[in-house]
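J.: Below is the file query-v2.txt, which contains compact mmCIF, C-alpha atoms.
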# COMPACT_ATOMS: atom_id res chain seq x y z
CA MET T 1495 -1.20 56.38 -10.95
CA THR T 1496 -2.73 53.13 -9.73
CA THR T 1497 -3.66 50.15 -11.82
CA THR T 1498 -5.89 47.25 -11.06
CA ALA T 1499 -5.11 43.69 -11.90
CA PRO T 1500 -7.14 42.29 -14.75
CA ALA T 1501 -10.06 40.11 -13.76
CA PRO T 1502 -9.20 36.43 -13.96
CA THR T 1503 -10.38 34.70 -17.11
CA PRO T 1504 -13.19 32.27 -16.35
CA SER T 1505 -11.91 28.75 -16.86
CA ALA T 1506 -13.44 26.27 -19.25
CA PRO T 1507 -15.31 23.36 -17.68
CA ILE T 1508 -13.06 20.51 -16.68
CA PRO T 1509 -13.05 17.58 -19.14
CA ARG T 1510 -15.51 14.94 -17.97
CA VAL T 1511 -15.47 11.24 -18.86
CA GLN T 1512 -18.35 10.81 -21.31
CA VAL T 1513 -19.45 7.43 -20.07
CA PRO T 1514 -22.49 6.69 -17.86
CA THR T 1515 -21.73 6.58 -14.13
CA TRP T 1516 -22.76 2.95 -13.83
CA LEU T 1517 -20.34 1.92 -16.58
CA GLN T 1518 -17.49 4.00 -15.11
CA THR T 1519 -18.13 2.28 -11.77
CA ILE T 1520 -17.93 -1.18 -13.31
CA ARG T 1521 -14.78 -0.36 -15.29
CA ALA T 1522 -13.08 1.20 -12.26
CA ILE T 1523 -13.74 -1.92 -10.18
CA VAL T 1524 -13.20 -4.66 -12.77
CA ASN T 1525 -10.53 -3.27 -15.13
CA PRO T 1526 -9.24 0.04 -13.78
CA ILE T 1527 -5.89 0.35 -15.56
CA PRO T 1528 -7.31 0.39 -19.13
CA TYR T 1529 -10.08 2.68 -17.87
CA LEU T 1530 -7.48 5.16 -16.58
CA GLU T 1531 -5.18 4.90 -19.59
CA ASN T 1532 -8.04 5.42 -22.05
CA ALA T 1533 -9.44 8.36 -20.07
CA GLN T 1534 -6.03 10.04 -19.94
CA ALA T 1535 -5.58 9.53 -23.69
CA ASP T 1536 -9.01 11.05 -24.36
CA TYR T 1537 -9.10 13.88 -21.80
CA GLY T 1538 -5.52 14.66 -20.75
CA ASP T 1539 -3.79 15.06 -17.39
CA ILE T 1540 -6.84 16.29 -15.50
CA PHE T 1541 -10.36 14.96 -15.94
CA GLU T 1542 -13.49 14.35 -13.91
CA GLY T 1543 -14.91 10.91 -13.32
CA ARG T 1544 -18.00 9.63 -11.58
CA SER T 1545 -18.66 6.52 -9.52
CA PHE T 1546 -21.58 5.39 -7.42
CA GLY T 1547 -21.06 6.12 -3.74
CA PHE T 1548 -18.47 8.87 -4.26
CA PRO T 1549 -18.63 12.62 -4.93
CA PRO T 1550 -17.37 13.81 -8.34
CA PHE T 1551 -13.65 13.06 -8.45
CA VAL T 1552 -10.90 14.79 -10.42
CA ILE T 1553 -8.03 12.52 -11.45
CA LEU T 1554 -4.65 14.25 -11.70
CA SER T 1555 -1.60 12.88 -13.49
CA TYR T 1556 0.55 15.99 -14.06
CA PRO T 1557 3.46 16.50 -11.63
CA ASP T 1558 2.82 20.23 -11.20
CA ALA T 1559 -0.77 19.50 -10.20
CA ILE T 1560 0.41 16.79 -7.80
CA GLU T 1561 2.83 19.28 -6.26
CA GLN T 1562 0.01 21.78 -5.77
CA VAL T 1563 -2.13 19.19 -3.98
CA PHE T 1564 0.73 17.94 -1.80
CA THR T 1565 1.89 21.45 -0.81
CA THR T 1566 -1.51 23.07 -0.24
CA ASP T 1567 -2.50 23.54 3.41
CA PRO T 1568 -3.95 20.15 4.45
CA ASN T 1569 -6.66 21.97 6.42
CA LEU T 1570 -8.23 23.00 3.11
CA PHE T 1571 -9.07 19.34 2.46
CA ASP T 1572 -11.30 16.72 4.00
CA SER T 1573 -9.04 13.68 3.79
CA VAL T 1574 -11.44 11.18 5.33
CA SER T 1575 -14.83 11.18 3.60
CA GLY T 1576 -13.53 9.90 0.27
CA ASN T 1577 -11.46 7.15 1.89
CA ARG T 1578 -14.02 5.43 4.09
CA ILE T 1579 -13.87 2.53 1.68
CA ILE T 1580 -11.26 0.95 3.98
CA SER T 1581 -13.20 1.41 7.22
CA PRO T 1582 -14.78 -2.07 7.14
CA ILE T 1583 -11.23 -3.46 7.36
CA THR T 1584 -9.42 -0.96 9.58
CA GLY T 1585 -12.21 0.54 11.69
CA ASP T 1586 -12.90 4.26 12.01
CA GLN T 1587 -10.47 5.27 14.75
CA GLY T 1588 -7.13 4.35 13.19
CA LEU T 1589 -4.70 6.86 11.73
CA LEU T 1590 -5.89 6.46 8.13
CA LEU T 1591 -9.38 7.69 8.93
CA LEU T 1592 -8.50 10.61 11.19
CA ASP T 1593 -8.26 14.15 9.91
CA GLY T 1594 -7.03 17.56 10.99
CA GLU T 1595 -5.57 17.93 14.47
CA ALA T 1596 -6.60 14.41 15.51
CA HIS T 1597 -4.64 12.96 12.58
CA LYS T 1598 -1.60 15.12 13.36
CA LYS T 1599 -1.56 14.05 17.03
CA ARG T 1600 -2.06 10.34 16.29
CA ARG T 1601 0.61 10.37 13.59
CA LYS T 1602 3.04 11.81 16.13
CA LEU T 1603 2.15 9.02 18.58
CA VAL T 1604 2.44 6.19 16.07
CA MET T 1605 5.52 7.34 14.13
CA PRO T 1606 8.46 6.44 16.43
CA PRO T 1607 8.49 2.65 15.91
CA PHE T 1608 8.86 3.05 12.14
CA HIS T 1609 11.94 5.21 11.98
CA GLY T 1610 15.56 5.37 13.10
CA GLU T 1611 17.32 2.92 15.35
CA ARG T 1612 14.13 1.28 16.56
CA MET T 1613 13.17 0.24 13.05
CA ARG T 1614 16.65 -1.06 12.26
CA ALA T 1615 16.40 -3.30 15.30
CA TYR T 1616 13.76 -5.29 13.37
CA GLY T 1617 16.25 -6.18 10.62
CA GLU T 1618 17.52 -9.43 12.11
CA SER T 1619 13.95 -10.69 12.63
CA MET T 1620 13.10 -9.89 9.02
CA CYS T 1621 16.08 -11.87 7.74
CA ALA T 1622 15.45 -14.79 10.10
CA ILE T 1623 11.79 -15.13 9.14
CA ALA T 1624 12.59 -14.92 5.42
CA THR T 1625 15.20 -17.67 5.85
CA GLN T 1626 12.87 -19.90 7.84
CA VAL T 1627 9.95 -19.62 5.41
CA SER T 1628 12.07 -20.06 2.28
CA GLN T 1629 13.69 -23.22 3.70
CA GLU T 1630 10.22 -24.78 3.87
CA TRP T 1631 9.56 -24.36 0.15
CA PRO T 1632 9.34 -27.64 -1.79
CA GLN T 1633 12.32 -28.38 -4.00
CA ASN T 1634 11.66 -28.51 -7.75
CA GLN T 1635 7.91 -28.28 -7.18
CA PRO T 1636 5.82 -25.23 -8.07
CA PHE T 1637 4.68 -22.95 -5.29
CA VAL T 1638 2.90 -19.59 -5.36
CA MET T 1639 5.28 -16.78 -4.46
CA LEU T 1640 2.50 -14.42 -3.35
CA SER T 1641 1.36 -16.97 -0.75
CA ALA T 1642 4.95 -17.31 0.43
CA THR T 1643 5.49 -13.55 0.72
CA GLN T 1644 2.18 -13.19 2.54
CA GLU T 1645 3.42 -15.73 5.07
CA ILE T 1646 6.71 -13.85 5.45
CA THR T 1647 5.26 -10.37 5.79
CA LEU T 1648 2.48 -11.44 8.15
CA ARG T 1649 4.98 -13.14 10.44
CA ILE T 1650 7.25 -10.09 10.30
CA ILE T 1651 4.46 -7.67 11.15
CA LEU T 1652 3.19 -9.92 13.95
CA ARG T 1653 6.71 -10.21 15.37
CA THR T 1654 7.33 -6.48 15.22
CA ILE T 1655 3.89 -5.47 16.51
CA PHE T 1656 3.49 -8.05 19.25
CA GLY T 1657 6.99 -9.40 19.82
CA ILE T 1658 5.80 -12.93 19.09
CA ASP T 1659 4.16 -14.67 16.16
CA ASN T 1660 3.80 -18.34 17.03
CA ASN T 1661 1.48 -18.89 19.98
CA GLU T 1662 -2.09 -20.15 19.62
CA ARG T 1663 -3.69 -16.70 19.51
CA PHE T 1664 -1.42 -15.59 16.69
CA GLN T 1665 -1.93 -18.79 14.75
CA GLN T 1666 -5.66 -18.01 14.86
CA LEU T 1667 -5.00 -14.39 13.93
CA ARG T 1668 -2.89 -15.37 10.93
CA GLN T 1669 -5.55 -17.72 9.60
CA LEU T 1670 -8.46 -15.33 10.17
CA LEU T 1671 -6.66 -12.35 8.64
CA ASP T 1672 -5.73 -14.37 5.57
CA GLU T 1673 -9.32 -15.61 5.19
CA MET T 1674 -10.76 -12.13 5.70
CA LEU T 1675 -8.52 -10.55 3.04
CA HIS T 1676 -9.34 -13.37 0.59
CA THR T 1677 -12.89 -11.98 0.64
CA PHE T 1678 -11.66 -9.37 -1.83
CA ASP T 1679 -9.77 -11.65 -4.24
CA THR T 1680 -12.38 -11.31 -6.99
CA SER T 1681 -14.08 -8.36 -8.66
CA LEU T 1682 -17.32 -9.41 -6.97
CA GLY T 1683 -15.62 -9.44 -3.57
CA SER T 1684 -13.89 -6.11 -4.17
CA SER T 1685 -17.16 -4.52 -5.27
CA HIS T 1686 -18.45 -4.94 -1.70
CA LEU T 1687 -15.92 -2.32 -0.57
CA PHE T 1688 -16.88 0.17 -3.28
CA LEU T 1689 -20.66 -0.33 -3.27
CA THR T 1690 -21.96 0.03 0.28
CA GLY T 1691 -25.38 -1.25 -0.79
CA LEU T 1692 -23.81 -4.71 -1.04
CA GLN T 1693 -22.59 -4.60 2.57
CA LYS T 1694 -25.44 -6.64 3.98
CA ASP T 1695 -25.17 -9.55 6.38
CA LEU T 1696 -27.25 -12.25 4.71
CA GLY T 1697 -25.99 -14.94 7.05
CA PRO T 1698 -22.75 -16.82 7.70
CA TRP T 1699 -22.60 -18.23 4.16
CA SER T 1700 -22.95 -14.88 2.39
CA LEU T 1701 -19.79 -13.10 1.28
CA TRP T 1702 -20.27 -10.07 3.51
CA GLY T 1703 -21.56 -12.24 6.34
CA LYS T 1704 -18.36 -14.32 6.26
CA PHE T 1705 -16.29 -11.14 6.22
CA LEU T 1706 -18.10 -9.67 9.23
CA ARG T 1707 -17.73 -12.85 11.29
CA ARG T 1708 -14.02 -13.11 10.55
CA ARG T 1709 -13.55 -9.44 11.37
CA GLN T 1710 -15.41 -9.90 14.64
CA ALA T 1711 -13.18 -12.84 15.56
CA ILE T 1712 -10.04 -10.83 14.72
CA ASN T 1713 -11.28 -7.90 16.81
CA ALA T 1714 -11.88 -10.24 19.77
CA LEU T 1715 -8.33 -11.62 19.52
CA LEU T 1716 -6.81 -8.14 19.30
CA LEU T 1717 -8.83 -6.76 22.20
CA ALA T 1718 -7.91 -9.77 24.34
CA GLU T 1719 -4.22 -9.20 23.58
CA ILE T 1720 -4.49 -5.48 24.34
CA GLN T 1721 -6.21 -6.09 27.67
CA GLU T 1722 -3.68 -8.74 28.72
CA ARG T 1723 -0.74 -6.58 27.72
CA ARG T 1724 -2.02 -3.65 29.76
CA GLN T 1725 -1.38 -5.80 32.83
CA GLN T 1726 2.15 -6.84 31.82
CA PRO T 1727 5.55 -5.11 31.75
CA LEU T 1728 6.08 -3.34 28.45
CA GLY T 1729 8.60 -4.64 25.94
CA GLN T 1730 10.21 -3.18 22.79
CA ASP T 1731 7.55 -4.27 20.31
CA ILE T 1732 5.20 -1.82 18.60
CA LEU T 1733 2.19 -2.67 20.76
CA SER T 1734 4.24 -1.90 23.89
CA LEU T 1735 5.24 1.45 22.43
CA LEU T 1736 1.64 2.27 21.54
CA LEU T 1737 0.46 1.24 25.02
CA ALA T 1738 3.07 3.56 26.53
CA ALA T 1739 2.29 6.49 24.23
CA ARG T 1740 0.55 9.51 25.76
CA ASP T 1741 -0.98 12.51 24.06
CA GLU T 1742 -0.34 16.11 25.11
CA GLN T 1743 -2.88 15.75 27.90
CA GLY T 1744 -1.15 12.62 29.19
CA GLU T 1745 -3.95 10.32 27.99
CA PRO T 1746 -3.27 6.88 26.50
CA MET T 1747 -5.11 5.45 23.50
CA SER T 1748 -8.33 3.58 24.25
CA ASP T 1749 -8.73 -0.13 23.53
CA THR T 1750 -10.80 0.69 20.44
CA GLU T 1751 -8.21 3.15 19.14
CA LEU T 1752 -5.44 0.63 19.71
CA ARG T 1753 -7.40 -2.13 18.01
CA ASP T 1754 -8.01 0.04 14.94
CA GLU T 1755 -4.33 1.02 14.77
CA LEU T 1756 -3.34 -2.65 14.99
CA MET T 1757 -5.79 -3.56 12.22
CA THR T 1758 -4.40 -0.73 10.10
CA LEU T 1759 -0.85 -1.97 10.64
CA LEU T 1760 -1.79 -5.60 9.98
CA PHE T 1761 -3.56 -4.67 6.74
CA ALA T 1762 -1.22 -1.98 5.42
CA GLY T 1763 1.97 -3.57 6.72
CA HIS T 1764 1.30 -7.08 5.51
CA GLU T 1765 -0.84 -7.20 2.38
CA THR T 1766 0.85 -4.42 0.42
CA THR T 1767 4.43 -5.47 1.14
CA ALA T 1768 3.62 -9.08 0.28
CA SER T 1769 2.34 -8.02 -3.13
CA ALA T 1770 5.36 -5.78 -3.73
CA LEU T 1771 7.71 -8.66 -2.95
CA ALA T 1772 5.85 -11.06 -5.24
CA TRP T 1773 6.10 -8.51 -8.05
CA ALA T 1774 9.81 -8.01 -7.33
CA PHE T 1775 10.53 -11.75 -7.55
CA TYR T 1776 8.58 -11.87 -10.80
CA TRP T 1777 10.47 -9.01 -12.46
CA ILE T 1778 13.88 -10.13 -11.20
CA HIS T 1779 13.36 -13.52 -12.84
CA LYS T 1780 11.47 -12.20 -15.87
CA VAL T 1781 14.33 -9.90 -16.92
CA PRO T 1782 17.58 -11.96 -16.87
CA GLU T 1783 19.97 -8.98 -16.89
CA VAL T 1784 18.28 -7.59 -13.77
CA ARG T 1785 18.77 -10.87 -11.95
CA THR T 1786 22.42 -11.05 -13.05
CA LYS T 1787 23.21 -7.52 -11.89
CA LEU T 1788 21.38 -7.95 -8.61
CA LEU T 1789 23.04 -11.25 -7.73
CA ALA T 1790 26.43 -9.72 -8.50
CA GLU T 1791 25.74 -6.91 -6.04
CA LEU T 1792 24.37 -9.28 -3.39
CA SER T 1793 27.49 -11.46 -3.62
CA ALA T 1794 29.20 -8.93 -1.34
CA ILE T 1795 26.89 -9.84 1.54
CA THR T 1796 28.40 -12.03 4.27
CA PRO T 1797 26.78 -13.49 7.41
CA ASP T 1798 28.24 -10.54 9.31
CA THR T 1799 26.83 -7.83 7.02
CA ASP T 1800 24.64 -5.43 8.98
CA PRO T 1801 21.03 -5.34 7.67
CA SER T 1802 21.19 -1.55 7.44
CA GLU T 1803 24.14 -1.89 5.03
CA ILE T 1804 22.16 -4.30 2.86
CA ALA T 1805 19.36 -1.72 2.66
CA LYS T 1806 21.82 0.84 1.21
CA MET T 1807 22.84 -1.32 -1.77
CA PRO T 1808 22.14 0.83 -4.84
CA TYR T 1809 20.96 -1.74 -7.37
CA LEU T 1810 18.80 -3.54 -4.80
CA SER T 1811 17.25 -0.17 -3.95
CA ALA T 1812 16.68 0.57 -7.63
CA VAL T 1813 14.98 -2.79 -8.16
CA CYS T 1814 12.58 -2.05 -5.30
CA SER T 1815 11.88 1.45 -6.63
CA GLU T 1816 11.19 0.18 -10.14
CA THR T 1817 8.92 -2.55 -8.76
CA LEU T 1818 6.82 0.07 -6.99
CA ARG T 1819 6.82 2.28 -10.08
CA ILE T 1820 5.68 -0.10 -12.76
CA TYR T 1821 2.75 -1.58 -10.82
CA PRO T 1822 2.11 0.53 -7.72
CA LEU T 1823 0.17 -1.38 -5.09
CA VAL T 1824 -2.61 1.18 -5.09
CA LEU T 1825 -3.45 3.25 -8.16
CA PHE T 1826 -4.19 6.48 -6.28
CA THR T 1827 -3.02 8.42 -3.28
CA PHE T 1828 -5.48 9.20 -0.52
CA SER T 1829 -8.22 11.35 -1.98
CA ARG T 1830 -8.71 14.87 -0.68
CA THR T 1831 -12.13 16.53 -0.85
CA LEU T 1832 -12.06 20.31 -1.24
CA LYS T 1833 -13.56 22.31 1.62
CA GLN T 1834 -13.40 25.48 -0.50
CA PRO T 1835 -12.82 26.29 -4.18
CA LEU T 1836 -9.34 25.79 -5.61
CA ARG T 1837 -7.82 26.56 -9.01
CA VAL T 1838 -5.83 23.63 -10.37
CA MET T 1839 -4.16 23.53 -13.80
CA GLY T 1840 -6.27 26.52 -14.88
CA TYR T 1841 -9.56 24.97 -13.82
CA ASP T 1842 -11.70 26.41 -11.03
CA LEU T 1843 -12.79 23.48 -8.89
CA PRO T 1844 -15.69 23.96 -6.46
CA ALA T 1845 -15.89 22.80 -2.86
CA GLY T 1846 -17.02 19.19 -2.59
CA VAL T 1847 -14.90 17.91 -5.48
CA MET T 1848 -12.57 15.04 -4.60
CA LEU T 1849 -8.97 15.44 -5.83
CA THR T 1850 -7.38 12.10 -6.68
CA PRO T 1851 -3.69 12.09 -7.67
CA CYS T 1852 -3.10 8.98 -9.77
CA ILE T 1853 0.12 7.18 -8.90
CA TYR T 1854 -0.16 4.75 -11.80
CA LEU T 1855 -0.61 7.36 -14.53
CA VAL T 1856 2.23 9.55 -13.26
CA HIS T 1857 4.52 6.54 -12.96
CA HIS T 1858 3.77 5.69 -16.60
CA ARG T 1859 4.36 9.11 -18.13
CA GLU T 1860 6.56 8.71 -21.20
CA ASP T 1861 8.19 12.11 -20.57
CA LEU T 1862 9.36 10.97 -17.13
CA TYR T 1863 9.88 7.26 -17.69
CA PRO T 1864 10.74 6.45 -21.34
CA ASN T 1865 9.32 3.03 -22.31
CA PRO T 1866 7.31 3.03 -19.08
CA ASP T 1867 6.08 -0.56 -19.47
CA THR T 1868 9.68 -1.84 -19.47
CA PHE T 1869 11.13 -2.94 -16.13
CA ARG T 1870 14.38 -0.99 -15.93
CA PRO T 1871 15.84 -0.31 -12.44
CA GLU T 1872 18.64 1.79 -13.94
CA ARG T 1873 16.18 4.72 -14.18
CA PHE T 1874 16.64 5.24 -10.46
CA LEU T 1875 20.43 5.20 -10.72
CA GLU T 1876 20.52 7.70 -13.58
CA ARG T 1877 18.39 10.43 -12.01
CA GLN T 1878 16.48 11.37 -8.90
CA PHE T 1879 12.75 11.88 -9.24
CA SER T 1880 10.85 14.50 -7.30
CA PRO T 1881 8.15 13.49 -4.79
CA TYR T 1882 5.60 14.66 -7.39
CA GLU T 1883 7.02 12.43 -10.12
CA TYR T 1884 7.47 9.28 -8.02
CA PHE T 1885 5.28 8.72 -4.98
CA PRO T 1886 4.35 5.05 -4.45
CA PHE T 1887 3.53 5.77 -0.79
CA GLY T 1888 1.49 8.93 -1.37
CA GLY T 1889 2.55 12.36 -0.22
CA SER T 1890 2.27 15.31 2.13
CA ASN T 1891 0.75 14.60 5.55
CA ARG T 1892 -0.97 11.48 4.16
CA ARG T 1893 2.24 9.78 3.07
CA CYS T 1894 2.29 6.19 4.34
CA LEU T 1895 3.76 6.23 7.82
CA GLY T 1896 5.43 2.86 7.33
CA TYR T 1897 7.10 3.56 3.99
CA ALA T 1898 10.65 3.29 5.40
CA PHE T 1899 9.72 0.07 7.21
CA ALA T 1900 8.22 -1.40 4.02
CA LEU T 1901 11.28 -0.57 1.90
CA PHE T 1902 13.63 -1.91 4.57
CA GLU T 1903 11.62 -5.14 4.72
CA MET T 1904 11.48 -5.50 0.93
CA LYS T 1905 15.24 -5.15 0.58
CA LEU T 1906 16.12 -7.55 3.39
CA VAL T 1907 13.65 -10.24 2.32
CA LEU T 1908 14.77 -10.08 -1.31
CA ALA T 1909 18.47 -10.15 -0.40
CA THR T 1910 18.04 -13.00 2.09
CA ILE T 1911 16.07 -15.26 -0.23
CA LEU T 1912 18.03 -14.56 -3.40
CA LYS T 1913 21.26 -15.39 -1.56
CA GLN T 1914 19.87 -18.71 -0.31
CA ALA T 1915 17.35 -20.12 -2.77
CA PRO T 1916 17.90 -20.35 -6.56
CA LEU T 1917 14.51 -19.63 -8.09
CA GLN T 1918 12.88 -19.65 -11.50
CA LEU T 1919 9.49 -18.78 -12.95
CA VAL T 1920 7.24 -21.69 -13.83
CA SER T 1921 6.05 -19.93 -16.99
CA SER T 1922 7.52 -17.32 -19.32
CA LYS T 1923 4.08 -15.75 -19.85
CA SER T 1924 3.67 -12.15 -18.74
CA ILE T 1925 1.69 -11.58 -15.54
CA GLN T 1926 -0.85 -8.80 -15.22
CA PRO T 1927 -2.12 -7.02 -12.09
CA VAL T 1928 -5.52 -7.94 -10.66
CA ARG T 1929 -7.57 -6.16 -8.04
CA ARG T 1930 -7.59 -7.47 -4.46
CA GLY T 1931 -9.76 -4.99 -2.60
CA ILE T 1932 -8.06 -1.61 -2.99
CA THR T 1933 -4.65 -3.14 -3.77
CA PHE T 1934 -3.32 -4.79 -6.94
CA THR T 1935 -1.54 -8.13 -6.92
CA PRO T 1936 0.02 -10.28 -9.66
CA ALA T 1937 -2.55 -12.54 -11.31
CA GLY T 1938 -1.96 -16.15 -10.30
CA GLY T 1939 0.36 -15.08 -7.51
CA VAL T 1940 3.62 -15.73 -9.48
CA PRO T 1941 4.17 -19.52 -9.64
CA MET T 1942 7.86 -20.30 -9.06
CA LEU T 1943 10.26 -23.18 -8.47
CA ALA T 1944 13.01 -23.43 -5.89
CA THR T 1945 15.83 -25.35 -7.55
CA ARG T 1946 18.39 -25.74 -4.79
Could you render the structure as structure tokens?
T.:
Amino acid sequence: MTTTAPAPTPSAPIPRVQVPTWLQTIRAIVNPIPYLENAQADYGDIFEGRSFGFPPFVILSYPDAIEQVFTTDPNLFDSVSGNRIISPITGDQGLLLLDGEAHKKRRKLVMPPFHGERMRAYGESMCAIATQVSQEWPQNQPFVMLSATQEITLRIILRTIFGIDNNERFQQLRQLLDEMLHTFDTSLGSSHLFLTGLQKDLGPWSLWGKFLRRRQAINALLLAEIQERRQQPLGQDILSLLLAARDEQGEPMSDTELRDELMTLLFAGHETTASALAWAFYWIHKVPEVRTKLLAELSAITPDTDPSEIAKMPYLSAVCSETLRIYPLVLFTFSRTLKQPLRVMGYDLPAGVMLTPCIYLVHHREDLYPNPDTFRPERFLERQFSPYEYFPFGGSNRRCLGYAFALFEMKLVLATILKQAPLQLVSSKSIQPVRRGITFTPAGGVPMLATR
């Protein structure tokens, strides 16, 4: 006797944020964390939001749903259309805005410099640059830690990408990149990324006009460097490795592809790590017992300690993990737009819907992280979280390629500076995150004093 499976029960409509699209757009740009927290409280771990310029998006904050997204065949998603927000900064031909087979091939080409022995070779440069910059801080005078970490991480990424960071071209590049990213320091500036209707060149004094001219100048510097380096013997820096890389047909990357990869690395490898470091210095000095425990662990470091051994220190690692948990540098992973219907958490989602796993909401689940607003590195010593419970660098085939590099850099810079420069916060007031483009940085940049 044969039986047939019962017909699936039609799912209820997915909960939808009951706020006009224009107001959701404003809240998402200006004050996104309360917007997300309130929506989760009202609608649960899966809900649909709307924003001008984007297809309907479904925000997910339940680990099982995150696991389903991360383990589903990537070919069922369009991973580019919902993420073009970054194309004005990175260009269209870098790894972040490739999909399918093109993404897979480029990822394979770009990956080697960020893993294994080659990455560890950058450790001494990271420590040396952190030492040099921190020795220039004024004594007993306030300085902004975020500005200092931006200087450190930009010099590190320039040194590792190009092998040099102090000639005239790179001095220009540092200044232009800093000025270009400052375009997005305010909600008004950030809105130009989200609302394409604002992306109009109204002359060199307009916000978008300034951005375009700085970007054009950066592109000219990068292309000039690429063309010169094609005529020179290759070194061990990242640009040399990218110039030497060949795809399966033996073809190198074009100048435009190289430029967009370099812009991606400069943006993703500098801005995000700088913010993470500024947050780490804030929390280490905001919570005295964390600073005490960390300094006790770092006391074992000697001038002969190998950087890779520093990176293995458990409490230092836990501090970095907790920093990236409590205020992740981006609130969401890369969005994935469905190419065909998919059932998620009992809801039937149609093609065209954009799935958006929310890093922030998962990282603040009370059932995973008791007292989630408390900075407590011990969480990461007491248990191991799955890649669907803790994922500050995203997941699946869209996981940040440079995550190991970023963590290595964070640990070495923190250890180097904390060993050398006694620091304190200028104010005991709590610091909140503010939007800077698509990333989130500490408001005011963390004013500190060096007291050596």
J.: Using only C-alpha atoms, which residues sit within 7 Å of segment 1552-1563 of chain T once same-chain residues fewer than 2 positions away are excluded, as number ranges by chain?
T.: T: 1539-1543, 1550, 1565-1566, 1838-1839, 1848-1852, 1855-1856, 1882-1883
J.: Could you name the residues that touch Arg1708 of chain T at 9 Å or less, counting all atoms listed in the file, but leaving out those on the same chain fewer than 5 positions away, as number ranges by chain?
T.: T: 1670-1671, 1673-1674, 1703, 1713
J.: Compile the contact shell of Ser1922 of chain T as a list in words: residues with an atom at most 12 Å away, counting all atoms listed in the file, same-chain residues fewer than 5 positions apart removed.
T.: Tyr1776, Trp1777, His1779, Lys1780, Val1781, Pro1782, Val1940, Pro1941 and Met1942 of chain T
J.: Considering only C-alpha atoms, state which residue in the set T:Ser1575, T:Asp1754, T:Arg1877, T:Arg1819 is at the smallest distance from His1858 of chain T.
T.: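 Smallest separation from His1858 of chain T among the options: T:Arg1819.
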J.: Report the distance between atom CA of Arg1753 of chain T and atom CA of Leu1716 of chain T in Å, rounded to one decimal place.
T.: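 Calculated distance between atom CA of Arg1753 of chain T and atom CA of Leu1716 of chain T is 6.2 Å.
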J.: For segment 1719-1732 of chain T, list every protein, DNA or RNA residue within 8 Å, evaluated using only C-alpha atoms, and leave out those in the same chain fewer than 4 positions away; present the list as a list in words.
T.: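 The neighbour list is Pro1607, Arg1653, Thr1654, Ile1655, Phe1656, Gly1657, Leu1715, Leu1736, Leu1737, Ala1738, Asp1749, Leu1752 and Arg1753 of chain T.
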J.: Please identify every residue of segment 1618-1652 of chain T that has at least one atom no farther than 12 Å from an atom of segment 1755-1760 of chain T, counting all atoms listed in the file, and for each give the shortest atom pair and the distance in Å to one decimal, arranged by chain then increasing number, as JSON lines.
T.:
{"residue": "T:Gln1644", "atom": "CA", "partner": "T:Leu1760", "partner_atom": "CA", "distance": 11.3}
{"residue": "T:Thr1647", "atom": "CA", "partner": "T:Leu1760", "partner_atom": "CA", "distance": 9.5}
{"residue": "T:Leu1648", "atom": "CA", "partner": "T:Leu1760", "partner_atom": "CA", "distance": 7.5}
{"residue": "T:Arg1649", "atom": "CA", "partner": "T:Leu1760", "partner_atom": "CA", "distance": 10.1}
{"residue": "T:Ile1650", "atom": "CA", "partner": "T:Leu1760", "partner_atom": "CA", "distance": 10.1}
{"residue": "T:Ile1651", "atom": "CA", "partner": "T:Leu1760", "partner_atom": "CA", "distance": 6.7}
{"residue": "T:Leu1652", "atom": "CA", "partner": "T:Leu1760", "partner_atom": "CA", "distance": 7.7}
J.: To one decimal place in Å, what is the distance between atom CA of Tyr1841 of chain T and atom CA of Arg1859 of chain T?
T.: 21.5 Å
J.: Show which residues sit within 12 Å of Trp1773 of chain T, as a ChimeraX atom specification. Count only C-alpha atoms, and ignore same-chain residues fewer than 2 positions away.
T.: /T:1638-1640,1643,1766-1771,1775-1780,1813-1823,1869,1904,1908,1919,1924-1928,1934-1942
J.: Between atom CA of Thr1831 of chain T and atom CA of Gly1576 of chain T, what distance in Å does the model show, to one decimal?
T.: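 Computed distance, atom CA of Thr1831 of chain T to atom CA of Gly1576 of chain T, equals 6.9 Å.
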J.: Just give me the residues with any atom within 12 Å of (-8.7, -3.5, -15.4), file coordinates, counting all atoms listed in the file, written as a list in words.
T.: Gln1518, Thr1519, Ile1520, Arg1521, Ala1522, Ile1523, Val1524, Asn1525, Pro1526, Ile1527, Pro1528, Tyr1529, Leu1530, Glu1531, Asn1532, Ser1681, Leu1825, Gln1926, Pro1927, Val1928, Arg1929, Arg1930, Phe1934 and Ala1937 of chain T
